[in-house]
Amino acid sequence: MRKQLYAVAAAILAAGMLAGCSGGAKETEEQTSVQAEKETETAKIPAAAEAETEAASEKEETELLVAAAASLKNAYEEELIPMFEAQYPGVIVTGVYDSSGKLQTQIEEGLEADVFMSAATKQMDALNEKGLIAEDTIADLLENKIVLIVPTGNEAGLEAFEDIEKASSIALGDPASVPAGQYAEEALTSLGIWNRIQDKVSFGTNVTEVLNQVAASSADAGIVYATDAASMAEQVDVIAEAPEGSLKKKVIYPVAVLKGSAHSEEAADFVEFLKTEEAMKVFEAYGFSKGNEILP
C-alpha cells in the first residue's frame, strides 16, 4: 500500500515538473518572439528616417533658369555654374543662351526665367520699363569691347577698324536683335562706313554665329566682342578695337533677377555670386573687365 502511494506521488511530481518545463519553454519562446519584433521595428526606424531625408532632399531641389547673352556661354557653362552649384547644394542652374534681343522677346512672351544677363543695357531697360525686372537687383556687372576680326592667315590687308570696307564679305550681328550688331552699326555709322558696306554684309542671329562665319572663312571680316575673339584665338585674328569715341557708351553687361521668378531668393544668390571676387576672376580670364557698379 505504501509503495503504491509513493508511486502515485512520484507520478504527480513528474507531471508537475514536465508541465513547468513546458510552460517555461513556451514563455521563453514568446519572449524571444517579442524581442525579435522589437529589433525589427528598431531596424526600420533608421531606414524610414533615411528615406524621409532623401525624399525631403529631392523635394527641396531648386532649378534656376538663367537667360544670358550668347557671349557668356563659355564662362557660364565651363566654370561659373559649376562653382555656384558647388557652393549652393540643391540648386541646379540651367542656362539658355541667345542674342539679348531674342531673350528679351522670349521673356516678354512668358519665358519663366529667374535671371537675365544682357550684352547691352537696352534690353534690360526695356524689360524693366515693362515691370518684368526686380529693379533693385540690376547691376552693371561687366564691360566688353567690340573688335574687328579676320580668319587666321587672312591676306585681305586689313590693318585698322576702318579697313573693314576693304573686305569682300562681312559678317555682322543683326542690329534688330543682336547688341554686337547694334554696337557695330553705331561705330561704323560714326566712322561714315555703314552705308558703304551694306552690299557685302550678311547678318547673323547672334554674335556666336558671326564668330563662326569668320572662323570658317565664310566671311573675310566681322565684328564681335573681344571675349568671343579670345575664345577662338587660333582661328581668328583681332585687327583692332572700335576707335575711341565711335561708341557713345561703353559695352556694358547688366544682370538682374526677373520679377516673376518663382525662386527669387536663389536667383538673388546667383546674382550676388556673380559679383564676387572669385567670379570676377573667371570673367576676366575670359576677356571681360569689371562693369561700372563693380569697380572698387
# chains A, B, ... in the order shown; residues from 1 in each chain; ligands from 1

$ select_by_dssp --residues "stretch 91-163 of chain A" --states "helix (DSSP H, G or I)" --output "CSV table (one decimal) with C-alpha atoms, in the first residue's frame"
chain,number,residue,atom,x,y,z
A,100,SER,CA,19.9,89.6,-75.9
A,101,GLY,CA,17.1,90.9,-78.2
A,102,LYS,CA,15.7,87.4,-78.7
A,103,LEU,CA,15.9,86.6,-75.0
A,104,GLN,CA,14.1,89.9,-74.3
A,105,THR,CA,11.3,88.8,-76.6
A,106,GLN,CA,11.1,85.4,-75.1
A,107,ILE,CA,10.8,86.8,-71.6
A,108,GLU,CA,8.1,89.2,-72.7
A,121,THR,CA,21.6,97.9,-71.2
A,122,LYS,CA,19.0,98.5,-73.9
A,123,GLN,CA,17.3,95.1,-73.4
A,124,MET,CA,17.5,95.3,-69.6
A,125,ASP,CA,16.0,98.8,-69.6
A,126,ALA,CA,13.2,97.7,-71.9
A,127,LEU,CA,12.2,94.8,-69.6
A,128,ASN,CA,12.5,97.0,-66.6
A,129,GLU,CA,10.1,99.6,-68.1
A,135,GLU,CA,14.8,96.8,-60.3
A,136,ASP,CA,16.7,96.9,-57.1
A,137,THR,CA,18.8,93.8,-58.3
A,161,PHE,CA,39.0,99.1,-87.7
A,162,GLU,CA,38.0,101.4,-90.6
A,163,ASP,CA,39.6,98.9,-93.1

$ residues_around --residues "A:Met117" --least-positions-apart "4" --cutoff "7 Å" --atoms "only C-alpha atoms" --output "list in words"
Ala67, Ala68, Ala69, Tyr253, Pro254, Val255 and Ala256 of chain A

$ residues_around --residues "A:Pro175" --least-positions-apart "2" --cutoff "10 Å" --atoms "only C-alpha atoms" --output "list in words"
Gly101, Leu172, Gly173, Ser177, Val178, Pro179, Ala180, Gly181, Gln182, Tyr183, Ala184, Glu185, Glu186, Phe203, Gly204, Thr205 and Asn206 of chain A

$ write_last_selection --atoms "all heavy atoms" --output "CSV table (one decimal), in the first residue's frame"
chain,number,residue,atom,x,y,z
A,101,GLY,N,18.4,90.5,-77.7
A,101,GLY,CA,17.1,90.9,-78.2
A,101,GLY,C,16.1,89.7,-78.2
A,101,GLY,O,14.9,89.9,-77.9
A,172,LEU,N,28.1,90.4,-89.6
A,172,LEU,CA,27.8,91.3,-88.5
A,172,LEU,C,26.5,90.7,-87.8
A,172,LEU,O,25.7,90.1,-88.5
A,172,LEU,CB,27.5,92.7,-89.0
A,172,LEU,CG,28.6,93.5,-89.7
A,172,LEU,CD1,28.1,94.8,-90.2
A,172,LEU,CD2,29.8,93.7,-88.8
A,173,GLY,N,26.4,91.1,-86.6
A,173,GLY,CA,25.1,90.7,-85.9
A,173,GLY,C,24.0,91.6,-86.4
A,173,GLY,O,24.2,92.7,-86.7
A,177,SER,N,18.3,92.8,-83.3
A,177,SER,CA,18.2,92.0,-82.1
A,177,SER,C,19.5,91.6,-81.4
A,177,SER,O,19.5,91.2,-80.3
A,177,SER,CB,17.4,90.7,-82.4
A,177,SER,OG,18.1,89.9,-83.3
A,178,VAL,N,20.6,91.9,-82.1
A,178,VAL,CA,21.9,91.5,-81.6
A,178,VAL,C,22.7,92.7,-81.1
A,178,VAL,O,23.1,93.6,-81.9
A,178,VAL,CB,22.7,90.7,-82.6
A,178,VAL,CG1,24.1,90.2,-82.0
A,178,VAL,CG2,21.9,89.6,-83.2
A,179,PRO,N,23.0,92.9,-79.8
A,179,PRO,CA,23.7,94.0,-79.3
A,179,PRO,C,25.0,94.3,-80.0
A,179,PRO,O,25.4,95.4,-80.3
A,179,PRO,CB,23.9,93.7,-77.8
A,179,PRO,CG,22.7,92.9,-77.5
A,179,PRO,CD,22.5,92.0,-78.7
A,180,ALA,N,25.8,93.2,-80.3
A,180,ALA,CA,27.1,93.3,-81.0
A,180,ALA,C,26.8,94.0,-82.4
A,180,ALA,O,27.7,94.8,-82.9
A,180,ALA,CB,27.8,92.0,-81.2
A,181,GLY,N,25.7,93.7,-83.0
A,181,GLY,CA,25.4,94.3,-84.3
A,181,GLY,C,25.0,95.7,-84.1
A,181,GLY,O,25.3,96.6,-85.0
A,182,GLN,N,24.3,96.0,-83.0
A,182,GLN,CA,23.9,97.4,-82.7
A,182,GLN,C,25.2,98.3,-82.5
A,182,GLN,O,25.3,99.4,-83.0
A,182,GLN,CB,23.0,97.5,-81.5
A,182,GLN,CG,21.6,96.8,-81.8
A,182,GLN,CD,20.9,96.4,-80.5
A,182,GLN,OE1,21.3,96.7,-79.4
A,182,GLN,NE2,19.8,95.7,-80.7
A,183,TYR,N,26.1,97.7,-81.7
A,183,TYR,CA,27.4,98.4,-81.5
A,183,TYR,C,28.1,98.6,-82.8
A,183,TYR,O,28.7,99.7,-83.0
A,183,TYR,CB,28.2,97.7,-80.5
A,183,TYR,CG,27.7,97.7,-79.1
A,183,TYR,CD1,27.5,96.5,-78.4
A,183,TYR,CD2,27.4,98.9,-78.4
A,183,TYR,CE1,27.0,96.5,-77.1
A,183,TYR,CE2,26.9,98.9,-77.1
A,183,TYR,CZ,26.7,97.7,-76.5
A,183,TYR,OH,26.2,97.7,-75.2
A,184,ALA,N,28.2,97.6,-83.6
A,184,ALA,CA,28.9,97.7,-84.9
A,184,ALA,C,28.3,98.8,-85.8
A,184,ALA,O,29.0,99.6,-86.4
A,184,ALA,CB,28.8,96.3,-85.6
A,185,GLU,N,26.9,98.8,-85.9
A,185,GLU,CA,26.3,99.8,-86.7
A,185,GLU,C,26.6,101.2,-86.1
A,185,GLU,O,26.9,102.1,-86.9
A,185,GLU,CB,24.7,99.6,-86.6
A,185,GLU,CG,24.0,100.6,-87.4
A,185,GLU,CD,22.5,100.4,-87.4
A,185,GLU,OE1,22.0,99.7,-86.5
A,185,GLU,OE2,21.8,101.0,-88.2
A,186,GLU,N,26.6,101.4,-84.8
A,186,GLU,CA,26.8,102.7,-84.2
A,186,GLU,C,28.3,103.1,-84.6
A,186,GLU,O,28.5,104.3,-85.0
A,186,GLU,CB,26.6,102.6,-82.7
A,186,GLU,CG,26.9,104.0,-82.0
A,186,GLU,CD,26.8,103.9,-80.5
A,186,GLU,OE1,26.3,102.9,-80.0
A,186,GLU,OE2,27.2,104.9,-79.9
A,203,PHE,N,24.0,89.2,-92.1
A,203,PHE,CA,23.7,89.4,-90.7
A,203,PHE,C,23.4,88.1,-90.0
A,203,PHE,O,22.6,87.3,-90.4
A,203,PHE,CB,22.5,90.3,-90.6
A,203,PHE,CG,22.7,91.7,-91.0
A,203,PHE,CD1,22.2,92.2,-92.2
A,203,PHE,CD2,23.5,92.6,-90.3
A,203,PHE,CE1,22.4,93.5,-92.6
A,203,PHE,CE2,23.8,93.9,-90.7
A,203,PHE,CZ,23.2,94.3,-91.9
A,204,GLY,N,24.1,87.9,-88.9
A,204,GLY,CA,23.9,86.7,-88.0
A,204,GLY,C,22.8,86.9,-87.0
A,204,GLY,O,22.6,88.1,-86.6
A,205,THR,N,22.2,85.9,-86.5
A,205,THR,CA,21.2,86.0,-85.5
A,205,THR,C,21.7,86.1,-84.1
A,205,THR,O,21.0,86.5,-83.2
A,205,THR,CB,20.2,84.8,-85.5
A,205,THR,OG1,21.0,83.6,-85.3
A,205,THR,CG2,19.6,84.6,-86.9
A,206,ASN,N,23.0,85.9,-83.9
A,206,ASN,CA,23.7,86.2,-82.6
A,206,ASN,C,25.2,86.3,-82.9
A,206,ASN,O,25.7,86.0,-84.0
A,206,ASN,CB,23.3,85.1,-81.5
A,206,ASN,CG,23.7,83.7,-81.9
A,206,ASN,OD1,24.9,83.5,-82.3
A,206,ASN,ND2,22.8,82.8,-81.9

$ closest_residue --among "A:Asp269, A:Asp220, A:Lys130, A:Ala233" --to "A:Glu155" --atoms "only C-alpha atoms"
A:Asp220

$ atom_distance --atom1 "atom CA of A:Asp174" --atom2 "atom CA of A:Tyr97"
16.1 Å

$ residues_around --residues "A:Leu65" --least-positions-apart "2" --cutoff "7 Å" --atoms "only C-alpha atoms" --output "list in words"
Glu63, Ala67, Val93, Thr94, Gly95, Ala113, Asp114 and Val115 of chain A

$ select_by_dssp --residues "stretch 167-275 of chain A" --states "strand (DSSP E)" --output "PyMOL selection string"
chain A and resi 170-173+201-204+221-225+236-241+251-257

$ residues_around --residues "stretch 234-243 of chain A" --least-positions-apart "2" --cutoff "9 Å" --atoms "only C-alpha atoms" --output "number ranges by chain"
A: 145-154, 158-162, 184, 187-188, 191, 211, 214-216, 226, 229-232, 245-247

$ closest_residue --among "A:Glu78, A:Glu165, A:Glu61, A:Glu112" --to "A:Ala262" --atoms "only C-alpha atoms"
A:Glu112

$ atom_distance --atom1 "atom CA of A:Leu80" --atom2 "atom CA of A:Leu258"
19.6 Å

$ atom_distance --atom1 "atom CA of A:Tyr286" --atom2 "atom CA of A:Thr227"
6.0 Å

$ decode --residues "stretch 169-200 of chain A" --atoms "N, CA, C and O atoms" --output "short mmCIF file (atom, residue, chain, number, x, y, z; two decimals), in the first residue's frame"
data_model
loop_
_atom_site.label_atom_id
_atom_site.label_comp_id
_atom_site.auth_asym_id
_atom_site.auth_seq_id
_atom_site.Cartn_x
_atom_site.Cartn_y
_atom_site.Cartn_z
N SER A 169 33.60 90.19 -98.12
CA SER A 169 32.38 89.73 -97.44
C SER A 169 32.53 90.01 -95.95
O SER A 169 33.61 89.82 -95.38
N ILE A 170 31.44 90.46 -95.33
CA ILE A 170 31.48 90.89 -93.93
C ILE A 170 30.34 90.24 -93.15
O ILE A 170 29.20 90.20 -93.62
N ALA A 171 30.65 89.74 -91.96
CA ALA A 171 29.63 89.16 -91.07
C ALA A 171 29.42 90.09 -89.88
O ALA A 171 30.37 90.50 -89.21
N LEU A 172 28.15 90.44 -89.65
CA LEU A 172 27.79 91.29 -88.51
C LEU A 172 26.54 90.74 -87.83
O LEU A 172 25.73 90.06 -88.48
N GLY A 173 26.37 91.06 -86.58
CA GLY A 173 25.13 90.70 -85.90
C GLY A 173 24.00 91.57 -86.39
O GLY A 173 24.20 92.75 -86.72
N ASP A 174 22.82 91.01 -86.45
CA ASP A 174 21.65 91.76 -86.89
C ASP A 174 21.32 92.86 -85.87
O ASP A 174 20.98 92.55 -84.72
N PRO A 175 21.42 94.13 -86.26
CA PRO A 175 21.16 95.22 -85.31
C PRO A 175 19.75 95.20 -84.73
O PRO A 175 19.50 95.81 -83.68
N ALA A 176 18.84 94.50 -85.38
CA ALA A 176 17.46 94.45 -84.88
C ALA A 176 17.36 93.71 -83.55
O ALA A 176 16.45 93.99 -82.76
N SER A 177 18.29 92.79 -83.30
CA SER A 177 18.16 91.99 -82.08
C SER A 177 19.49 91.65 -81.41
O SER A 177 19.49 91.15 -80.28
N VAL A 178 20.61 91.90 -82.08
CA VAL A 178 21.92 91.50 -81.56
C VAL A 178 22.70 92.73 -81.10
O VAL A 178 23.07 93.57 -81.93
N PRO A 179 22.97 92.86 -79.81
CA PRO A 179 23.71 94.03 -79.32
C PRO A 179 25.04 94.26 -80.03
O PRO A 179 25.39 95.41 -80.32
N ALA A 180 25.77 93.18 -80.32
CA ALA A 180 27.05 93.35 -81.02
C ALA A 180 26.83 93.99 -82.38
O ALA A 180 27.65 94.79 -82.85
N GLY A 181 25.71 93.67 -83.03
CA GLY A 181 25.36 94.28 -84.30
C GLY A 181 24.98 95.74 -84.13
O GLY A 181 25.29 96.59 -84.98
N GLN A 182 24.30 96.03 -83.01
CA GLN A 182 23.92 97.43 -82.73
C GLN A 182 25.16 98.28 -82.48
O GLN A 182 25.26 99.41 -82.97
N TYR A 183 26.12 97.73 -81.74
CA TYR A 183 27.36 98.45 -81.50
C TYR A 183 28.15 98.63 -82.80
O TYR A 183 28.73 99.69 -83.04
N ALA A 184 28.16 97.58 -83.64
CA ALA A 184 28.87 97.66 -84.92
C ALA A 184 28.26 98.76 -85.79
O ALA A 184 28.98 99.56 -86.40
N GLU A 185 26.93 98.78 -85.85
CA GLU A 185 26.26 99.80 -86.66
C GLU A 185 26.58 101.21 -86.15
O GLU A 185 26.87 102.13 -86.94
N GLU A 186 26.55 101.37 -84.82
CA GLU A 186 26.84 102.68 -84.24
C GLU A 186 28.27 103.12 -84.57
O GLU A 186 28.51 104.27 -84.99
N ALA A 187 29.23 102.21 -84.37
CA ALA A 187 30.63 102.57 -84.62
C ALA A 187 30.89 102.87 -86.09
O ALA A 187 31.54 103.87 -86.43
N LEU A 188 30.38 102.01 -86.96
CA LEU A 188 30.62 102.20 -88.39
C LEU A 188 29.88 103.41 -88.94
O LEU A 188 30.36 104.08 -89.87
N THR A 189 28.73 103.71 -88.37
CA THR A 189 28.00 104.92 -88.78
C THR A 189 28.78 106.17 -88.39
O THR A 189 28.91 107.12 -89.18
N SER A 190 29.32 106.16 -87.18
CA SER A 190 30.09 107.32 -86.72
C SER A 190 31.36 107.51 -87.55
O SER A 190 31.88 108.63 -87.67
N LEU A 191 31.86 106.44 -88.14
CA LEU A 191 33.06 106.50 -88.98
C LEU A 191 32.72 106.73 -90.45
O LEU A 191 33.61 106.81 -91.30
N GLY A 192 31.41 106.82 -90.75
CA GLY A 192 30.98 107.08 -92.12
C GLY A 192 31.10 105.90 -93.05
O GLY A 192 31.16 106.05 -94.28
N ILE A 193 31.10 104.68 -92.48
CA ILE A 193 31.33 103.47 -93.28
C ILE A 193 30.07 102.64 -93.49
O ILE A 193 29.93 101.92 -94.48
N TRP A 194 29.13 102.73 -92.57
CA TRP A 194 27.98 101.83 -92.53
C TRP A 194 27.27 101.69 -93.87
O TRP A 194 27.07 100.57 -94.37
N ASN A 195 26.89 102.77 -94.48
CA ASN A 195 26.13 102.71 -95.73
C ASN A 195 26.96 102.15 -96.89
O ASN A 195 26.41 101.60 -97.84
N ARG A 196 28.26 102.27 -96.84
CA ARG A 196 29.11 101.85 -97.94
C ARG A 196 29.36 100.34 -97.98
O ARG A 196 29.88 99.83 -98.98
N ILE A 197 29.02 99.64 -96.91
CA ILE A 197 29.33 98.20 -96.87
C ILE A 197 28.10 97.31 -96.96
O ILE A 197 28.22 96.08 -96.91
N GLN A 198 26.92 97.87 -97.07
CA GLN A 198 25.69 97.09 -96.97
C GLN A 198 25.59 95.96 -97.99
O GLN A 198 25.01 94.90 -97.70
N ASP A 199 26.14 96.14 -99.18
CA ASP A 199 26.04 95.08 -100.19
C ASP A 199 27.00 93.92 -99.93
O ASP A 199 26.97 92.91 -100.62
N LYS A 200 27.85 94.05 -98.90
CA LYS A 200 28.81 92.99 -98.56
C LYS A 200 28.45 92.23 -97.29
O LYS A 200 29.08 91.25 -96.95
#
